[in-house]
Each structure stands twice: as C-alpha cells, then as structure tokens.
file my_file_6.txt (compact mmCIF, C-alpha atoms)
# COMPACT_ATOMS: atom_id res chain seq x y z
CA MET A 214 10.34 8.46 -11.19
CA ILE A 215 10.46 10.58 -8.02
CA ASP A 216 11.31 14.30 -7.98
CA ARG A 217 13.31 14.63 -4.76
CA LEU A 218 13.38 18.41 -4.97
CA PHE A 219 9.59 18.48 -5.09
CA TRP A 220 9.25 16.58 -1.81
CA ASN A 221 12.01 18.31 0.10
CA GLY A 222 10.32 20.41 2.80
CA LYS A 223 6.77 19.51 1.75
CA ARG A 224 4.30 19.09 4.62
CA VAL A 225 2.50 15.77 4.18
CA LEU A 226 -0.38 14.39 6.23
CA LEU A 227 -0.26 10.60 5.98
CA THR A 228 -3.14 8.64 7.49
CA GLY A 229 -2.51 5.03 8.45
CA HIS A 230 1.18 5.74 9.01
CA THR A 231 1.59 2.97 11.61
CA GLY A 232 0.39 0.24 9.23
CA PHE A 233 2.47 -1.88 6.88
CA LYS A 234 2.11 0.28 3.79
CA GLY A 235 2.01 3.51 5.78
CA SER A 236 5.28 2.73 7.56
CA TRP A 237 7.05 2.20 4.24
CA ALA A 238 5.52 5.42 2.92
CA SER A 239 6.70 7.30 6.02
CA LEU A 240 10.27 6.15 5.49
CA VAL A 241 10.18 6.98 1.78
CA LEU A 242 8.84 10.47 2.47
CA LYS A 243 11.44 11.09 5.19
CA SER A 244 14.21 9.92 2.88
CA LEU A 245 12.96 12.51 0.35
CA GLY A 246 13.10 15.30 2.94
CA ALA A 247 9.35 15.70 3.53
CA ASP A 248 7.90 16.88 6.85
CA VAL A 249 5.55 14.01 7.71
CA TYR A 250 2.51 14.27 9.97
CA GLY A 251 1.04 10.86 10.75
CA PHE A 252 -2.51 10.11 11.90
CA SER A 253 -3.37 6.52 12.74
CA GLN A 254 -4.40 4.03 15.36
CA PRO A 255 -1.50 2.67 17.44
CA PRO A 256 0.48 -0.21 15.92
CA THR A 257 -1.12 -3.52 16.81
CA ASP A 258 1.98 -5.69 16.59
CA PRO A 259 5.31 -4.87 18.28
CA ARG A 260 7.13 -6.55 15.38
CA ASN A 261 5.73 -4.26 12.70
CA LEU A 262 7.88 -1.87 10.69
CA PHE A 263 6.73 1.28 12.50
CA VAL A 264 8.09 -0.12 15.77
CA ALA A 265 11.08 -1.95 14.29
CA ALA A 266 12.30 1.17 12.46
CA ASN A 267 11.56 3.48 15.42
CA LEU A 268 9.55 5.72 13.14
CA GLU A 269 7.98 7.68 15.97
CA ARG A 270 11.21 9.69 16.24
CA ASP A 271 11.08 10.77 12.59
CA ILE A 272 7.57 12.13 12.15
CA HIS A 273 4.83 14.08 13.89
CA HIS A 274 3.05 11.08 15.35
CA ARG A 275 -0.62 11.53 16.26
CA ILE A 276 -2.78 8.61 17.45
CA GLY A 277 -6.42 8.76 16.41
CA ASP A 278 -9.32 6.94 14.77
CA ILE A 279 -10.23 7.79 11.19
CA ARG A 280 -13.89 7.20 12.14
CA ASP A 281 -13.69 10.23 14.46
CA SER A 282 -14.35 13.27 12.26
CA GLU A 283 -13.27 15.77 14.91
CA ALA A 284 -9.96 13.97 15.46
CA VAL A 285 -9.30 13.95 11.72
CA GLN A 286 -10.07 17.67 11.52
CA LEU A 287 -7.69 18.46 14.39
CA ALA A 288 -4.91 16.45 12.71
CA MET A 289 -5.51 18.32 9.45
CA VAL A 290 -5.37 21.70 11.20
CA GLU A 291 -2.20 20.76 13.08
CA ALA A 292 -0.43 19.54 9.95
CA ALA A 293 -1.59 22.34 7.62
CA PRO A 294 -0.34 20.03 4.87
CA ASP A 295 0.56 20.72 1.28
CA ILE A 296 -0.37 17.13 0.40
CA VAL A 297 -2.61 14.51 2.02
CA ILE A 298 -2.10 10.79 1.41
CA HIS A 299 -4.95 8.74 2.86
CA MET A 300 -3.98 5.14 3.61
CA ALA A 301 -5.86 4.44 6.86
CA ALA A 302 -8.16 1.46 6.30
CA GLN A 303 -9.46 -1.88 7.43
CA PRO A 304 -7.36 -3.70 4.80
CA LEU A 305 -8.37 -7.37 4.96
CA VAL A 306 -11.02 -9.24 2.99
CA ARG A 307 -11.62 -12.00 5.53
CA ALA A 308 -11.73 -9.57 8.46
CA SER A 309 -14.42 -7.62 6.62
CA TYR A 310 -16.76 -10.62 6.82
CA ALA A 311 -16.33 -10.67 10.60
CA THR A 312 -16.57 -6.88 11.08
CA PRO A 313 -18.57 -5.39 8.20
CA VAL A 314 -19.84 -2.35 10.13
CA TYR A 315 -16.32 -1.45 11.27
CA THR A 316 -15.02 -2.00 7.73
CA TYR A 317 -17.55 0.33 6.14
CA ALA A 318 -17.20 2.93 8.90
CA THR A 319 -13.42 2.95 8.47
CA ASN A 320 -13.09 2.67 4.72
CA VAL A 321 -16.07 4.74 3.61
CA MET A 322 -16.75 7.28 6.35
CA GLY A 323 -13.03 7.55 7.06
CA THR A 324 -12.61 8.74 3.47
CA VAL A 325 -15.47 11.20 3.93
CA HIS A 326 -13.80 12.60 7.05
CA VAL A 327 -10.47 13.12 5.25
CA LEU A 328 -12.06 14.85 2.26
CA GLU A 329 -14.36 16.95 4.41
CA SER A 330 -11.43 18.10 6.53
CA ALA A 331 -9.22 18.78 3.51
CA ARG A 332 -11.76 21.07 1.86
CA HIS A 333 -11.60 23.44 4.84
CA ILE A 334 -7.78 23.71 4.94
CA SER A 335 -6.46 26.23 2.43
CA SER A 336 -2.90 24.86 2.42
CA VAL A 337 -3.90 21.51 0.88
CA ARG A 338 -2.95 21.38 -2.78
CA ALA A 339 -3.45 17.68 -3.48
CA VAL A 340 -5.11 14.64 -1.89
CA VAL A 341 -4.36 11.05 -2.91
CA ILE A 342 -6.94 8.55 -1.64
CA VAL A 343 -5.54 5.01 -1.62
CA THR A 344 -8.14 2.34 -2.35
CA SER A 345 -7.53 -1.11 -3.88
CA ASP A 346 -7.57 -3.20 -7.04
CA LYS A 347 -10.57 -4.91 -5.46
CA CYS A 348 -12.70 -1.75 -5.86
CA TYR A 349 -13.79 -3.00 -9.29
CA GLU A 350 -16.87 -5.12 -9.91
CA ASN A 351 -15.12 -8.43 -10.58
CA THR A 352 -16.73 -10.01 -13.61
CA GLY A 353 -14.08 -12.69 -14.07
CA THR A 354 -12.75 -11.07 -17.22
CA SER A 355 -9.29 -12.10 -18.41
CA ARG A 356 -8.30 -8.56 -19.35
CA GLY A 357 -6.97 -6.08 -16.83
CA TYR A 358 -9.47 -3.78 -15.16
CA ARG A 359 -9.28 -0.21 -16.41
CA GLU A 360 -9.92 2.97 -14.45
CA THR A 361 -13.22 3.48 -16.29
CA ASP A 362 -14.64 0.07 -15.28
CA GLU A 363 -17.56 -0.24 -12.88
CA MET A 364 -16.97 -0.01 -9.14
CA GLY A 365 -18.32 -2.87 -7.03
CA GLY A 366 -16.96 -5.67 -4.90
CA HIS A 367 -18.49 -8.89 -3.56
CA ASP A 368 -17.21 -8.85 0.03
CA PRO A 369 -17.51 -5.93 2.50
CA TYR A 370 -13.84 -4.97 2.11
CA SER A 371 -13.89 -4.85 -1.69
CA ASN A 372 -17.27 -3.16 -1.73
CA SER A 373 -16.17 -0.55 0.80
CA LYS A 374 -13.23 0.33 -1.43
CA GLY A 375 -15.59 0.75 -4.37
CA CYS A 376 -17.70 2.99 -2.15
CA ALA A 377 -14.60 5.03 -1.21
CA GLU A 378 -13.98 5.59 -4.92
CA LEU A 379 -17.56 6.84 -5.40
CA VAL A 380 -17.28 9.08 -2.33
CA THR A 381 -14.08 10.61 -3.72
CA SER A 382 -15.67 11.18 -7.12
CA GLY A 383 -18.69 12.82 -5.50
CA TYR A 384 -16.58 15.14 -3.35
CA ARG A 385 -14.31 16.03 -6.27
CA ARG A 386 -17.23 17.06 -8.48
CA SER A 387 -19.20 18.76 -5.71
CA PHE A 388 -16.52 20.70 -3.84
CA PHE A 389 -13.22 20.67 -5.73
CA GLY A 390 -14.19 21.67 -9.25
CA LYS A 391 -13.31 25.37 -9.24
CA PRO A 392 -10.05 26.76 -10.69
CA GLY A 393 -7.31 26.66 -8.08
CA ALA A 394 -9.14 24.07 -5.97
CA THR A 395 -7.41 21.19 -4.19
CA GLN A 396 -6.74 18.35 -6.64
CA ILE A 397 -8.22 14.96 -5.63
CA ALA A 398 -7.24 11.57 -7.08
CA THR A 399 -7.37 7.89 -6.14
CA GLY A 400 -4.71 5.18 -6.39
CA ARG A 401 -5.51 1.49 -6.84
CA ALA A 402 -2.76 -1.06 -6.22
CA GLY A 403 -2.49 -4.82 -6.40
CA ASN A 404 -1.54 -7.42 -3.77
CA VAL A 405 1.30 -5.66 -2.01
CA ILE A 406 4.18 -7.58 -0.41
CA GLY A 407 7.29 -6.56 1.50
CA GLY A 408 9.01 -6.73 4.86
CA GLY A 409 7.22 -5.73 8.03
CA ASP A 410 3.74 -7.02 7.25
CA TRP A 411 2.42 -9.28 10.02
CA SER A 412 -1.29 -9.17 9.13
CA ALA A 413 -3.36 -12.30 9.55
CA ASP A 414 -4.85 -13.94 6.45
CA ARG A 415 -2.30 -12.48 4.05
CA LEU A 416 -0.23 -14.89 2.04
CA LEU A 417 3.34 -13.72 2.73
CA PRO A 418 2.91 -12.98 6.48
CA ASP A 419 1.12 -16.33 6.91
CA ALA A 420 3.96 -18.05 5.06
CA ILE A 421 6.67 -16.39 7.16
CA ARG A 422 4.92 -17.22 10.42
CA SER A 423 4.59 -20.85 9.35
CA PHE A 424 8.19 -21.13 8.15
CA ILE A 425 9.63 -19.47 11.26
CA GLY A 426 7.61 -21.92 13.34
CA ASN A 427 8.72 -24.89 11.19
CA GLN A 428 5.10 -25.56 10.23
CA SER A 429 3.52 -26.32 6.87
CA LEU A 430 1.68 -23.33 5.39
CA ARG A 431 -2.03 -23.91 4.70
CA ILE A 432 -3.27 -22.30 1.46
CA ARG A 433 -6.92 -21.50 0.77
CA HIS A 434 -6.89 -20.91 -3.00
CA PRO A 435 -3.63 -22.08 -4.63
CA GLU A 436 -4.83 -21.38 -8.18
CA ALA A 437 -6.13 -17.84 -7.50
CA ILE A 438 -4.31 -15.28 -9.65
CA ARG A 439 -3.37 -11.89 -8.20
CA PRO A 440 -1.24 -8.92 -9.29
CA TRP A 441 1.70 -9.26 -6.88
CA GLN A 442 3.95 -6.24 -6.33
CA HIS A 443 6.53 -4.92 -3.89
CA VAL A 444 5.19 -2.27 -1.53
CA LEU A 445 7.53 0.39 -2.94
CA ASP A 446 6.02 0.24 -6.42
CA PRO A 447 2.56 1.64 -5.58
CA ILE A 448 4.06 4.10 -3.08
CA ILE A 449 6.21 5.53 -5.86
CA GLY A 450 3.04 5.69 -7.96
CA TYR A 451 1.11 7.61 -5.30
CA LEU A 452 3.94 10.11 -4.89
CA ARG A 453 4.33 10.50 -8.65
CA LEU A 454 0.58 11.15 -8.88
CA ALA A 455 0.74 13.79 -6.12
CA GLU A 456 3.54 15.57 -7.98
CA TYR A 457 1.42 15.72 -11.13
CA LEU A 458 -1.67 16.88 -9.23
CA VAL A 459 0.24 19.86 -7.90
CA ALA A 460 2.15 20.71 -11.07
CA ARG A 461 -0.57 20.12 -13.66
CA GLU A 462 -3.84 21.23 -12.16
CA GLY A 463 -7.02 19.67 -13.47
CA ASP A 464 -5.53 17.04 -15.75
CA PHE A 465 -4.85 14.23 -13.29
CA ALA A 466 -7.64 14.45 -10.68
CA GLU A 467 -9.14 10.99 -11.31
CA GLY A 468 -8.57 7.30 -10.59
CA TRP A 469 -5.25 5.53 -11.34
CA ASN A 470 -4.10 1.91 -11.38
CA PHE A 471 -0.62 1.11 -10.03
CA GLY A 472 -0.23 -2.61 -10.55
CA PRO A 473 2.66 -4.85 -11.58
CA SER A 474 3.64 -5.99 -15.04
CA ALA A 475 1.76 -8.92 -16.54
CA ASP A 476 4.47 -11.45 -15.65
CA SER A 477 3.84 -10.71 -11.96
CA GLU A 478 0.20 -11.78 -12.22
CA VAL A 479 0.61 -15.40 -11.16
CA PRO A 480 -1.21 -18.01 -9.06
CA VAL A 481 -0.78 -18.26 -5.31
CA ARG A 482 0.88 -21.64 -5.90
CA HIS A 483 3.74 -19.96 -7.78
CA ILE A 484 4.32 -17.46 -4.97
CA VAL A 485 4.46 -19.99 -2.15
CA ASP A 486 6.71 -22.33 -4.14
CA ARG A 487 9.17 -19.51 -4.72
CA VAL A 488 9.05 -18.17 -1.15
CA ALA A 489 9.52 -21.68 0.28
CA ALA A 490 12.56 -22.17 -1.96
CA LEU A 491 14.05 -18.83 -0.90
CA TRP A 492 13.42 -19.57 2.77
CA GLY A 493 14.85 -23.09 2.66
CA ASN A 494 14.90 -25.22 5.83
CA ASN A 495 12.41 -27.63 4.23
CA ALA A 496 9.67 -24.98 4.12
CA SER A 497 6.45 -26.52 2.79
CA TRP A 498 2.79 -25.83 2.13
CA GLU A 499 -0.49 -27.70 1.72
CA VAL A 500 -4.03 -26.97 0.57
CA ASP A 501 -6.49 -25.99 3.30
CA GLY A 502 -9.46 -28.23 2.53
CA ARG A 503 -11.90 -26.48 4.85
CA GLU A 504 -14.86 -24.52 3.46
CA GLN A 505 -13.71 -21.03 2.51
CA LEU A 506 -15.34 -17.61 2.23
CA HIS A 507 -15.74 -16.12 -1.24
CA GLU A 508 -12.63 -14.56 -2.75
CA ALA A 509 -12.15 -13.57 -6.39
CA SER A 510 -10.25 -16.23 -8.34
CA TYR A 511 -8.79 -13.90 -10.98
CA LEU A 512 -7.81 -10.25 -10.84
CA ARG A 513 -5.62 -8.12 -13.09
CA LEU A 514 -5.06 -4.37 -13.50
CA ASP A 515 -4.49 -2.46 -16.72
CA CYS A 516 -1.86 0.16 -15.81
CA SER A 517 -1.31 1.60 -19.27
CA LYS A 518 -2.78 4.95 -18.26
CA ALA A 519 -0.22 5.46 -15.48
CA ALA A 520 2.57 4.38 -17.82
CA THR A 521 1.50 6.71 -20.62
CA ARG A 522 0.45 9.80 -18.69
CA LEU A 523 2.54 9.65 -15.50
CA GLY A 524 5.60 7.86 -16.85
CA TRP A 525 5.16 5.34 -14.02
CA ARG A 526 6.12 1.71 -14.31
CA SER A 527 6.83 -1.11 -11.91
CA ALA A 528 10.43 -0.77 -10.70
CA VAL A 529 10.68 -4.16 -8.96
CA ASP A 530 9.97 -7.41 -10.79
CA LEU A 531 8.37 -10.37 -9.04
CA ASP A 532 11.56 -12.30 -8.28
CA GLN A 533 13.15 -9.15 -6.86
CA ALA A 534 10.06 -8.41 -4.79
CA LEU A 535 10.07 -11.89 -3.26
CA GLN A 536 13.83 -11.74 -2.61
CA LEU A 537 13.58 -8.34 -0.90
CA THR A 538 10.69 -9.60 1.22
CA VAL A 539 12.42 -12.81 2.32
CA ASP A 540 15.63 -10.85 3.02
CA TRP A 541 13.69 -8.56 5.36
CA TYR A 542 12.13 -11.40 7.36
CA ARG A 543 15.42 -13.29 7.52
CA ALA A 544 17.02 -10.12 8.92
CA PHE A 545 14.20 -9.91 11.45
CA GLN A 546 14.82 -13.51 12.48
CA ARG A 547 18.53 -12.77 12.95
CA GLY A 548 17.89 -9.63 15.00
CA GLU A 549 19.52 -7.27 12.49
CA ASP A 550 18.98 -3.52 12.14
CA LEU A 551 15.67 -3.47 10.27
CA ARG A 552 15.61 0.30 9.90
CA ALA A 553 18.96 0.24 8.08
CA LEU A 554 17.86 -2.65 5.87
CA THR A 555 14.53 -1.01 5.00
CA LEU A 556 16.22 2.29 4.11
CA ALA A 557 18.76 0.38 2.02
CA GLN A 558 15.99 -1.36 0.11
CA ILE A 559 14.25 2.00 -0.45
CA GLU A 560 17.42 3.58 -1.78
CA ALA A 561 18.15 0.59 -4.00
CA VAL A 562 14.69 0.79 -5.56
CA LEU A 563 14.76 4.56 -5.93
CA GLY A 564 18.08 4.18 -7.70
CA HIS A 565 20.11 6.57 -5.57
CA SER A 566 21.86 4.22 -3.16
CA ASP A 567 25.46 4.58 -2.08
CA GLN A 568 27.22 1.23 -2.15
CA SER A 569 29.86 2.45 0.30
CA THR A 570 27.43 2.36 3.23
CA GLY A 571 28.00 -1.30 4.05
CA LYS A 572 26.82 -4.84 3.58
CA VAL A 573 23.16 -4.18 4.35
CA GLU A 574 22.88 -1.83 1.40
CA ALA A 575 25.05 -4.11 -0.70
CA ARG A 576 22.57 -6.91 -0.07
CA ALA A 577 19.73 -4.68 -1.26
CA HIS A 578 21.69 -4.00 -4.44
CA LYS A 579 22.34 -7.69 -4.96
CA ALA A 580 18.63 -8.44 -4.66
CA LEU A 581 17.87 -5.91 -7.39
CA SER A 582 20.69 -6.98 -9.73

call {"tool": "encode", "arguments": {"input": "my_file_6.txt", "output": "structure tokens"}}
result
Amino acid sequence: MIDRLFWNGKRVLLTGHTGFKGSWASLVLKSLGADVYGFSQPPTDPRNLFVAANLERDIHHRIGDIRDSEAVQLAMVEAAPDIVIHMAAQPLVRASYATPVYTYATNVMGTVHVLESARHISSVRAVVIVTSDKCYENTGTSRGYRETDEMGGHDPYSNSKGCAELVTSGYRRSFFGKPGATQIATGRAGNVIGGGDWSADRLLPDAIRSFIGNQSLRIRHPEAIRPWQHVLDPIIGYLRLAEYLVAREGDFAEGWNFGPSADSEVPVRHIVDRVAALWGNNASWEVDGREQLHEASYLRLDCSKAATRLGWRSAVDLDQALQLTVDWYRAFQRGEDLRALTLAQIEAVLGHSDQSTGKVEARAHKALS
C-alpha cells in the first residue's frame, strides 16, 4: 500500500517526531528514502523509541514547542517541505483533565500554527493533520463512526481533537480552495499500540511496567471496547493519504478514518488477558475500584471510505499487533538492538523484508505468519 518511489527524496516536515507514533513514522519515512525534518519537544523518557533507535542521527532534528507560532514558522521555512505530517499533540485523555489549557493550546492552536505556516510556504503540496477517533461526538452508537459524523468529545483531549478537525476544515475552505493549492486532509486512528510507548495511563505501557516490575496491573474499565491497532497501520494510512493528495488534487482533501477491522474492536479485558499470556511469568491484572474520570465505554470506526477510495486496509491483525508489541518490550528487557528490531518489524509489515538479515528480522516474520 506504499509507493516507495513516491517517497524517495521527498522532503517531509514531521511534527511530534520524538513521540511514540512520531518515532515510528520517522523510521518508516527514512526506510522509504524520505528526507525527514522533525519538529518536536525533547523526548521525555530515555527509554522511548526516539532515543532507543538513535533517531537523531537520521533526521533533521529541531526542538521546539508547537504552541510557539514563530518556532513553527522557522521550522517550516528551514524544511521547505513537499509534505507536512502533523502529529505533535498532548495525546492523553486523563492528562487533559489535569492540564486542559495546555491540551487546548497544543492540540488546537498547534494545528492553527502548522496550517498558518504551511499556507505561506510554496513548496508544500500536501498536509496531513493527525487527530483521533475520539474527535467524534460519542453518542454510544453500536455502529462505527463515519467521517461525516458530528465532531465533539466529552473530555478536553477528545474535544480538542474535534476542534482541530474544525480548524482544519475552516482553513481548507478559507485558504486552500483555489486550483493548485496545497491539499489538506485529516487522519483519525484508533487506540494505537506498539513497542516504544511508555506513556502513563495507556493500557499497554501500564501493563508492561507492571509486568516488568512483577506487579498486578490495575484496570480502570475492563469492559470498555476500543478499536485496537498496531502503530504501523495508521502510519501507512497517513502516507497513503498524502500520496493521493499529491497525485489526485482536490478529490481527497477531507477527513479519513484509519481504524482496525471489526474483530480488533474488543474489550480491555480481552487485551490484558492476551498480553499477560504472551508475557508469562505469572503476569496478572485486577480491577481498579477507585472512582474514575469519564471515558467513553464504546468506540468504533467505520473505515469503508479509506478501503474503497484509498485501497487502504489494516495490515496487522490484533494477535499479530499484540505479539509484535510484546516482542519489542521483551527485547527491551533483554537489552537487544531495538533499532534493528523496529526496522525489522517495519519491513515485515510493509512486505519487503529480507529474511537473510538475521534472527531479529526472522522473528518479525514469525510474528506476522
């Protein structure tokens, strides 16, 4: 689903490149031959993928705050990018309750700063704004949310992502509507999992921390249903979308869902049971009986539009996603070469891996078999 020739030599400005998702995106883009310019705050955890994979050596690495419009503009001028992928965000629901002003400033005004900067740089051909499945007004419906559904969100994080969608729509219609203008689209993914995520209050990182420490994992909402997907699936979707924005002007500048297949939309209980079994060593979990902040109990995405019009589909099923994730953290625990493992997993998923490169790549193949 990726056109390697398209990306070879492309100049890409990637915001949030030091984060979990951004680090994976950086490695994917580098493996495709892109010239990556990163703009982000410094990594907050020395264990994260950006540090573990020594990504600073591979890309043009600029530290800055997405809330600083001048800094964003300088990064845009320096990169003179063909394509902008905006991932920088405050990404956590529970953190948004503690820091609502920071969350809105980052997720809403940060998006404004990226779009405002992009409209003054003539080289930019496409911008993909990454938001979230939580941008929708959650009505508790059992069907998957479609791209035409109402934006909303109960908590500051979800609401800020709905706001980012509205900001993007407003900018697209106000400033990017002329023939030949930069093409602007948004991508909405599900609950993303994969190696290198150490964020607090996320299920898989919390589970790994507990299991490494031989502690029982405490779960807030074991029956909550989410669309679980490996981090590479939405990244492939964002890149596929960017290709179409450049090649087919005007037809794809809108919102897109990149969620997993229906059989990956399962309760939290199912995920932690499977991860505990894969981890072994008597890994266990229990329900956290303390009063909890509001979180949606049910959330699905309808991704038929991306399948029909972009030819995109989830490449990694749920069992494979969990196996790849546990493999990564086990390799971390053993002190293995995480850069090599991550690149092997990328190549295995992209379908172009070379089995002669050793056991690390062979393990990635085994996980996807």

call {"tool": "residues_around", "arguments": {"input": "my_file_6.txt", "residues": "region 488-490 of chain A", "least_positions_apart": "6", "cutoff": "9 Å", "atoms": "all atoms listed in the file", "output": "list in words"}}
result
Leu417, Ala420, Ile421, Phe424, Ala496, Ser497, Trp498, Leu535, Gln536 and Val539 of chain A

call {"tool": "closest_residue", "arguments": {"input": "my_file_6.txt", "among": "A:Arg461, A:Asp530, A:Thr521, A:Gly450", "to": "Glu478 (chain A)", "atoms": "all atoms listed in the file"}}
result
A:Asp530

call {"tool": "residues_around", "arguments": {"input": "my_file_6.txt", "residues": "region 540-542 of chain A", "least_positions_apart": "6", "cutoff": "10 Å", "atoms": "all atoms listed in the file", "output": "short mmCIF file (atom, residue, chain, number, x, y, z; two decimals) with C-alpha atoms, in the coordinates of the input"}}
result
data_model
loop_
_atom_site.label_atom_id
_atom_site.label_comp_id
_atom_site.auth_asym_id
_atom_site.auth_seq_id
_atom_site.Cartn_x
_atom_site.Cartn_y
_atom_site.Cartn_z
CA GLY A 407 7.29 -6.56 1.50
CA GLY A 408 9.01 -6.73 4.86
CA GLY A 409 7.22 -5.73 8.03
CA ASP A 410 3.74 -7.02 7.25
CA PRO A 418 2.91 -12.98 6.48
CA ILE A 421 6.67 -16.39 7.16
CA ARG A 422 4.92 -17.22 10.42
CA ILE A 425 9.63 -19.47 11.26
CA LEU A 491 14.05 -18.83 -0.90
CA TRP A 492 13.42 -19.57 2.77
CA ALA A 534 10.06 -8.41 -4.79
CA GLY A 548 17.89 -9.63 15.00
CA GLU A 549 19.52 -7.27 12.49
CA ASP A 550 18.98 -3.52 12.14
CA LEU A 551 15.67 -3.47 10.27
CA LEU A 554 17.86 -2.65 5.87
CA THR A 555 14.53 -1.01 5.00
CA GLN A 558 15.99 -1.36 0.11
CA ARG A 576 22.57 -6.91 -0.07
CA ALA A 577 19.73 -4.68 -1.26
CA ALA A 580 18.63 -8.44 -4.66
#

call {"tool": "residues_around", "arguments": {"input": "my_file_6.txt", "residues": "region 245-251 of chain A", "least_positions_apart": "6", "cutoff": "6 Å", "atoms": "only C-alpha atoms", "output": "JSON, numbers by chain"}}
result
{"A": [217, 220, 221, 222, 223, 224, 225, 226, 227, 228, 230, 272, 273, 274, 275]}

call {"tool": "residues_near_point", "arguments": {"input": "my_file_6.txt", "point": "(-0.2, -20.3, -4.0)", "cutoff": "9 Å", "atoms": "only C-alpha atoms", "output": "ChimeraX atom specification"}}
result
/A:416,432-438,479-486,498,500

call {"tool": "atom_distance", "arguments": {"input": "my_file_6.txt", "atom1": "CA of Ser253 (chain A)", "atom2": "CA of Glu378 (chain A)"}}
result
20.6 Å

call {"tool": "closest_residue", "arguments": {"input": "my_file_6.txt", "among": "A:Thr352, A:Phe545, A:Asp368, A:Val562", "to": "Leu262 (chain A)", "atoms": "all atoms listed in the file"}}
result
A:Phe545

call {"tool": "closest_atom_pairs", "arguments": {"input": "my_file_6.txt", "of": "region 334-451 of chain A", "to": "region 241-244 of chain A", "cutoff": "9 Å", "atoms": "all atoms listed in the file", "output": "Markdown table"}}
result
| residue | atom | partner | partner_atom | distance |
| --- | --- | --- | --- | --- |
| A:Leu445 | CA | A:Val241 | CA | 8.5 |
| A:Ile448 | CA | A:Val241 | CA | 8.3 |
| A:Ile449 | CA | A:Val241 | CA | 8.7 |

call {"tool": "closest_residue", "arguments": {"input": "my_file_6.txt", "among": "A:Tyr384, A:Trp411, A:Tyr358, A:Trp237", "to": "Trp469 (chain A)", "atoms": "all atoms listed in the file"}}
result
A:Tyr358

call {"tool": "closest_residue", "arguments": {"input": "my_file_6.txt", "among": "A:Ala475, A:Glu499, A:Val459, A:Glu467", "to": "Arg386 (chain A)", "atoms": "all atoms listed in the file"}}
result
A:Glu467

call {"tool": "atom_distance", "arguments": {"input": "my_file_6.txt", "atom1": "CA of Ala339 (chain A)", "atom2": "CA of Ala266 (chain A)"}}
result
27.8 Å

call {"tool": "atom_distance", "arguments": {"input": "my_file_6.txt", "atom1": "CA of Arg453 (chain A)", "atom2": "CA of Leu305 (chain A)"}}
result
25.8 Å

call {"tool": "closest_residue", "arguments": {"input": "my_file_6.txt", "among": "A:Val341, A:Leu240, A:Ala284, A:Met364", "to": "Glu269 (chain A)", "atoms": "only C-alpha atoms"}}
result
A:Leu240

call {"tool": "closest_residue", "arguments": {"input": "my_file_6.txt", "among": "A:Ala318, A:Leu287, A:Ala394, A:Ala292", "to": "Ala466 (chain A)", "atoms": "all atoms listed in the file"}}
result
A:Ala394

call {"tool": "residues_near_point", "arguments": {"input": "my_file_6.txt", "point": "(-11.9, -3.8, -4.6)", "cutoff": "12 Å", "atoms": "all atoms listed in the file", "output": "PDB file with C-alpha atoms, keeping the file's coordinate frame"}}
result
ATOM      1  CA  PRO A 304      -7.360  -3.700   4.800  1.00  0.00           C
ATOM      2  CA  LEU A 305      -8.370  -7.370   4.960  1.00  0.00           C
ATOM      3  CA  VAL A 306     -11.020  -9.240   2.990  1.00  0.00           C
ATOM      4  CA  ASN A 320     -13.090   2.670   4.720  1.00  0.00           C
ATOM      5  CA  VAL A 343      -5.540   5.010  -1.620  1.00  0.00           C
ATOM      6  CA  THR A 344      -8.140   2.340  -2.350  1.00  0.00           C
ATOM      7  CA  SER A 345      -7.530  -1.110  -3.880  1.00  0.00           C
ATOM      8  CA  ASP A 346      -7.570  -3.200  -7.040  1.00  0.00           C
ATOM      9  CA  LYS A 347     -10.570  -4.910  -5.460  1.00  0.00           C
ATOM     10  CA  CYS A 348     -12.700  -1.750  -5.860  1.00  0.00           C
ATOM     11  CA  TYR A 349     -13.790  -3.000  -9.290  1.00  0.00           C
ATOM     12  CA  GLU A 350     -16.870  -5.120  -9.910  1.00  0.00           C
ATOM     13  CA  ASN A 351     -15.120  -8.430 -10.580  1.00  0.00           C
ATOM     14  CA  THR A 352     -16.730 -10.010 -13.610  1.00  0.00           C
ATOM     15  CA  TYR A 358      -9.470  -3.780 -15.160  1.00  0.00           C
ATOM     16  CA  ASP A 362     -14.640   0.070 -15.280  1.00  0.00           C
ATOM     17  CA  GLU A 363     -17.560  -0.240 -12.880  1.00  0.00           C
ATOM     18  CA  MET A 364     -16.970  -0.010  -9.140  1.00  0.00           C
ATOM     19  CA  GLY A 365     -18.320  -2.870  -7.030  1.00  0.00           C
ATOM     20  CA  GLY A 366     -16.960  -5.670  -4.900  1.00  0.00           C
ATOM     21  CA  HIS A 367     -18.490  -8.890  -3.560  1.00  0.00           C
ATOM     22  CA  ASP A 368     -17.210  -8.850   0.030  1.00  0.00           C
ATOM     23  CA  PRO A 369     -17.510  -5.930   2.500  1.00  0.00           C
ATOM     24  CA  TYR A 370     -13.840  -4.970   2.110  1.00  0.00           C
ATOM     25  CA  SER A 371     -13.890  -4.850  -1.690  1.00  0.00           C
ATOM     26  CA  ASN A 372     -17.270  -3.160  -1.730  1.00  0.00           C
ATOM     27  CA  SER A 373     -16.170  -0.550   0.800  1.00  0.00           C
ATOM     28  CA  LYS A 374     -13.230   0.330  -1.430  1.00  0.00           C
ATOM     29  CA  GLY A 375     -15.590   0.750  -4.370  1.00  0.00           C
ATOM     30  CA  CYS A 376     -17.700   2.990  -2.150  1.00  0.00           C
ATOM     31  CA  ALA A 377     -14.600   5.030  -1.210  1.00  0.00           C
ATOM     32  CA  GLU A 378     -13.980   5.590  -4.920  1.00  0.00           C
ATOM     33  CA  GLY A 400      -4.710   5.180  -6.390  1.00  0.00           C
ATOM     34  CA  ARG A 401      -5.510   1.490  -6.840  1.00  0.00           C
ATOM     35  CA  ALA A 402      -2.760  -1.060  -6.220  1.00  0.00           C
ATOM     36  CA  GLY A 403      -2.490  -4.820  -6.400  1.00  0.00           C
ATOM     37  CA  ASN A 404      -1.540  -7.420  -3.770  1.00  0.00           C
ATOM     38  CA  ASN A 470      -4.100   1.910 -11.380  1.00  0.00           C
ATOM     39  CA  GLU A 508     -12.630 -14.560  -2.750  1.00  0.00           C
ATOM     40  CA  ALA A 509     -12.150 -13.570  -6.390  1.00  0.00           C
ATOM     41  CA  LEU A 512      -7.810 -10.250 -10.840  1.00  0.00           C
ATOM     42  CA  ARG A 513      -5.620  -8.120 -13.090  1.00  0.00           C
ATOM     43  CA  LEU A 514      -5.060  -4.370 -13.500  1.00  0.00           C
TER      44      LEU A 514
END
